[in-house]
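Single-structure report; data block below.
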Amino acid sequence: MSECTHDCSSCSQNCASREKESLIEPTNELSNVKRVIGVISGKGGVGKSMVTSLLAVAMRNRGKEVAVLDADITGPSIPKAFGIKDRAEGNDLGIFPAVTEKGIKIMSINLLLEDTEAPVVWRGPVIAGAVKQFWSDVIWNDVDYMFVDCPPGTGDVPLTVFQSLPLSGVIIVTSPQDLVSMIVKKAYKMAELMNIPVLGIVENMSYIECPDCKKKLRLFGEGKSQSVADEIGVPLLAEMPINPDHAVMVDNGCIEKADTSVLSKAVEILENL
């Protein structure tokens, strides 16, 4: 074997020092996205899209340029939360994201469908390809924080997001039940496997506050997220209550009016990235 020149482009040897080819997709030439934050969960129904929306609103309220890439292709809910009804438009340079009242940029499959209630019956590779196109074909312009609302689990789309987008970190969303330990660890180990930093855990539906006495009623029992966070060595960023006002805001497309103070610890971590 000849002496190694460390120039893998002209070498046919499959040695340990060969650099792995990056799978990160390039953005549109008119896009400049500084930080990409994945919002993930090990299972569905834990309020991941709600957390994504509130994080986006919180950062926008702090004067940041914010975008949301809705990677939940088969269950898109981001446009509904922000009251986006118009279809996305584009030209030869790319696709233009929708923009909310406060200036948050949104891209979702529902902005491209003629019938927003039509099911997206696509196989995994096609769905993954759509997510890549949202990243590379959309003209995002300048973005300080992009939040990627991933579908639940550890399948094709989360894997595509982890491999194809330059993630600055991920936030895991969960709920208080006993099942949380296994589910959070699955999501955490996937991120660890892909060398993506886990910024912390958000426990949703932790309690409901009595409107009269303000007592916290833990409908699902005492949350397990703090102990799991301690075990895997990441912070518990928030214990979010069940908030009927938030549900009404999502239904009415005005989530930008929501109080995001419960996520102040997460916002602090994001600002310090």
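We name chains A, B, ... following the order of the structure tokens; residues begin at 1 in each chain, and ligands are numbered from 1 as shown.
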Practice item. Would you please give, as a ChimeraX atom specification, all residues of stretch 7-235 of chain A that DSSP assigns to alpha helix (DSSP H) based on the backbone? Key: /A:48-61,78-82,124-136,156-164,180-193,225-232
Practice item. Can you list, as number ranges by chain, all residues belonging to stretch 38-238 of chain A that DSSP tags as strand (DSSP E)? Key: A: 38-40, 66-70, 89-91, 94-96, 98-99, 105-107, 142-149, 169-174, 198-203, 208-209, 216-217, 236-238
Quick one: write out the picked residues with N, CA and C atoms as a short mmCIF file (atom, residue, chain, number, x, y, z; two decimals), in the first residue's frame?
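After the write, result30.cif holds the following:
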data_model
loop_
_atom_site.label_atom_id
_atom_site.label_comp_id
_atom_site.auth_asym_id
_atom_site.auth_seq_id
_atom_site.Cartn_x
_atom_site.Cartn_y
_atom_site.Cartn_z
N GLY A 38 -34.67 20.85 15.84
CA GLY A 38 -35.66 19.80 15.64
C GLY A 38 -36.51 19.62 16.88
N VAL A 39 -37.81 19.52 16.71
CA VAL A 39 -38.73 19.22 17.82
C VAL A 39 -39.28 17.83 17.57
N ILE A 40 -38.92 16.90 18.45
CA ILE A 40 -39.19 15.49 18.21
C ILE A 40 -39.94 14.87 19.39
N VAL A 66 -37.71 34.09 12.39
CA VAL A 66 -38.10 32.73 12.75
C VAL A 66 -38.82 32.05 11.59
N ALA A 67 -38.58 30.75 11.45
CA ALA A 67 -39.29 29.95 10.45
C ALA A 67 -39.69 28.62 11.07
N VAL A 68 -40.74 28.01 10.52
CA VAL A 68 -41.17 26.68 10.93
C VAL A 68 -41.27 25.81 9.68
N LEU A 69 -40.51 24.73 9.67
CA LEU A 69 -40.59 23.73 8.60
C LEU A 69 -41.42 22.57 9.15
N ASP A 70 -42.60 22.40 8.59
CA ASP A 70 -43.52 21.35 9.04
C ASP A 70 -43.16 20.04 8.34
N GLU A 89 -46.67 30.01 -3.07
CA GLU A 89 -46.38 30.37 -4.45
C GLU A 89 -44.88 30.27 -4.68
N GLY A 90 -44.48 30.36 -5.93
CA GLY A 90 -43.06 30.26 -6.25
C GLY A 90 -42.76 30.79 -7.64
N ASN A 91 -41.49 30.76 -7.98
CA ASN A 91 -41.05 31.12 -9.33
C ASN A 91 -39.86 30.25 -9.69
N GLY A 94 -37.46 29.38 -6.74
CA GLY A 94 -37.84 28.51 -5.64
C GLY A 94 -39.26 28.77 -5.16
N ILE A 95 -39.57 28.22 -3.98
CA ILE A 95 -40.91 28.34 -3.39
C ILE A 95 -40.85 29.38 -2.27
N PHE A 96 -41.89 30.21 -2.20
CA PHE A 96 -41.96 31.22 -1.15
C PHE A 96 -42.76 30.66 0.03
N ALA A 98 -45.16 30.74 3.36
CA ALA A 98 -46.21 31.63 3.87
C ALA A 98 -45.64 32.41 5.05
N VAL A 99 -46.21 33.57 5.31
CA VAL A 99 -45.73 34.42 6.40
C VAL A 99 -46.91 34.78 7.30
N LYS A 105 -42.12 32.62 9.17
CA LYS A 105 -42.20 31.96 7.86
C LYS A 105 -42.59 30.49 8.05
N ILE A 106 -43.52 30.04 7.23
CA ILE A 106 -44.08 28.70 7.37
C ILE A 106 -44.02 27.95 6.04
N MET A 107 -43.61 26.68 6.11
CA MET A 107 -43.76 25.80 4.95
C MET A 107 -44.30 24.46 5.44
N ASP A 142 -33.25 35.28 5.26
CA ASP A 142 -32.52 35.26 6.52
C ASP A 142 -33.38 34.72 7.65
N VAL A 143 -32.87 33.70 8.33
CA VAL A 143 -33.59 33.08 9.45
C VAL A 143 -32.61 32.87 10.60
N ASP A 144 -32.97 33.38 11.77
CA ASP A 144 -32.15 33.15 12.96
C ASP A 144 -32.41 31.78 13.56
N TYR A 145 -33.69 31.40 13.62
CA TYR A 145 -34.08 30.12 14.20
C TYR A 145 -35.13 29.46 13.32
N MET A 146 -34.82 28.27 12.83
CA MET A 146 -35.81 27.46 12.14
C MET A 146 -36.17 26.28 13.05
N PHE A 147 -37.48 26.12 13.29
CA PHE A 147 -37.96 24.98 14.07
C PHE A 147 -38.56 23.95 13.11
N VAL A 148 -38.13 22.71 13.26
CA VAL A 148 -38.60 21.63 12.39
C VAL A 148 -39.53 20.74 13.21
N ASP A 149 -40.81 20.76 12.84
CA ASP A 149 -41.81 19.95 13.53
C ASP A 149 -41.79 18.56 12.91
N GLY A 169 -29.53 21.31 17.32
CA GLY A 169 -29.95 20.52 18.47
C GLY A 169 -31.40 20.13 18.32
N VAL A 170 -31.86 19.26 19.24
CA VAL A 170 -33.26 18.85 19.23
C VAL A 170 -33.85 19.01 20.62
N ILE A 171 -35.15 19.21 20.66
CA ILE A 171 -35.91 19.26 21.90
C ILE A 171 -36.90 18.11 21.87
N ILE A 172 -36.93 17.32 22.94
CA ILE A 172 -37.81 16.16 23.01
C ILE A 172 -39.07 16.55 23.78
N VAL A 173 -40.24 16.28 23.20
CA VAL A 173 -41.51 16.57 23.84
C VAL A 173 -42.12 15.26 24.32
N THR A 174 -42.63 15.27 25.54
CA THR A 174 -43.19 14.06 26.11
C THR A 174 -44.37 14.41 27.01
N VAL A 198 -28.98 17.02 22.30
CA VAL A 198 -30.32 17.13 22.86
C VAL A 198 -30.33 18.31 23.82
N LEU A 199 -31.09 19.34 23.49
CA LEU A 199 -31.09 20.57 24.28
C LEU A 199 -31.90 20.43 25.56
N GLY A 200 -32.84 19.49 25.58
CA GLY A 200 -33.63 19.28 26.78
C GLY A 200 -34.96 18.63 26.47
N ILE A 201 -35.76 18.47 27.53
CA ILE A 201 -37.06 17.81 27.45
C ILE A 201 -38.14 18.81 27.85
N VAL A 202 -39.25 18.81 27.12
CA VAL A 202 -40.44 19.56 27.50
C VAL A 202 -41.53 18.55 27.82
N GLU A 203 -42.02 18.58 29.06
CA GLU A 203 -43.14 17.72 29.44
C GLU A 203 -44.43 18.49 29.25
N ILE A 208 -53.22 20.55 35.24
CA ILE A 208 -54.19 21.58 34.90
C ILE A 208 -54.36 22.44 36.15
N GLU A 209 -54.40 23.74 35.94
CA GLU A 209 -54.49 24.66 37.07
C GLU A 209 -55.94 25.00 37.37
N LYS A 216 -52.42 23.03 41.34
CA LYS A 216 -52.04 22.22 40.18
C LYS A 216 -52.59 20.81 40.35
N LEU A 217 -53.47 20.42 39.46
CA LEU A 217 -54.06 19.08 39.49
C LEU A 217 -53.38 18.23 38.44
N LEU A 236 -34.64 19.49 32.09
CA LEU A 236 -36.09 19.54 31.88
C LEU A 236 -36.43 21.00 31.64
N LEU A 237 -36.80 21.34 30.42
CA LEU A 237 -36.97 22.73 30.03
C LEU A 237 -38.30 23.32 30.49
N ALA A 238 -39.32 22.50 30.63
CA ALA A 238 -40.62 23.03 31.03
C ALA A 238 -41.56 21.89 31.40
#
**Study point:** stretch 129-136 of chain A environment, 7 Å, only C-alpha atoms, sequence neighbours closer than 5 positions dropped, as a PyMOL selection string
**Key:** chain A and resi 25-28+71+107
Check your understanding: Looking at only C-alpha atoms, which of A:Asn204, A:Arg123, A:Leu167, A:Thr74 is the one that sits closest to A:Gly47?
Key ->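 Of all the options, A:Asn204 lies closest to A:Gly47.
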When you look at A:Glu114 with a cut-off of 12 Å (counting only C-alpha atoms), what residues show up, excluding the ones that are within fewer than 5 positions of it in the same chain? I need them as a tab-separated table (two decimals) with N, CA, C and O atoms, in the first residue's frame.
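The file below, selection_2.tsv, is the result:
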chain	number	residue	atom	x	y	z
A	85	LYS	N	-54.03	30.03	5.38
A	85	LYS	CA	-54.98	29.35	4.50
A	85	LYS	C	-54.58	29.42	3.03
A	85	LYS	O	-55.02	28.59	2.23
A	86	ASP	N	-53.79	30.41	2.65
A	86	ASP	CA	-53.39	30.56	1.26
A	86	ASP	C	-52.36	29.51	0.86
A	86	ASP	O	-51.57	29.05	1.69
A	87	ARG	N	-52.37	29.16	-0.41
A	87	ARG	CA	-51.39	28.21	-0.92
A	87	ARG	C	-50.05	28.92	-1.16
A	87	ARG	O	-50.01	30.12	-1.43
A	88	ALA	N	-48.98	28.15	-1.04
A	88	ALA	CA	-47.65	28.72	-1.29
A	88	ALA	C	-47.47	29.00	-2.77
A	88	ALA	O	-48.04	28.32	-3.63
A	109	ILE	N	-46.84	20.89	3.87
A	109	ILE	CA	-47.44	20.23	2.71
A	109	ILE	C	-48.85	20.76	2.44
A	109	ILE	O	-49.29	20.82	1.28
A	119	PRO	N	-55.88	13.21	2.18
A	119	PRO	CA	-54.78	12.50	2.84
A	119	PRO	C	-53.54	12.42	1.96
A	119	PRO	O	-53.65	12.35	0.73
A	120	VAL	N	-52.40	12.47	2.58
A	120	VAL	CA	-51.13	12.31	1.85
A	120	VAL	C	-50.75	10.84	1.95
A	120	VAL	O	-50.20	10.39	2.96
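Using only C-alpha atoms for every distance, the candidate list A:Thr154, A:Asn32, A:Cys213, A:Pro166 yields A:Thr154 as the residue closest to A:Met190.
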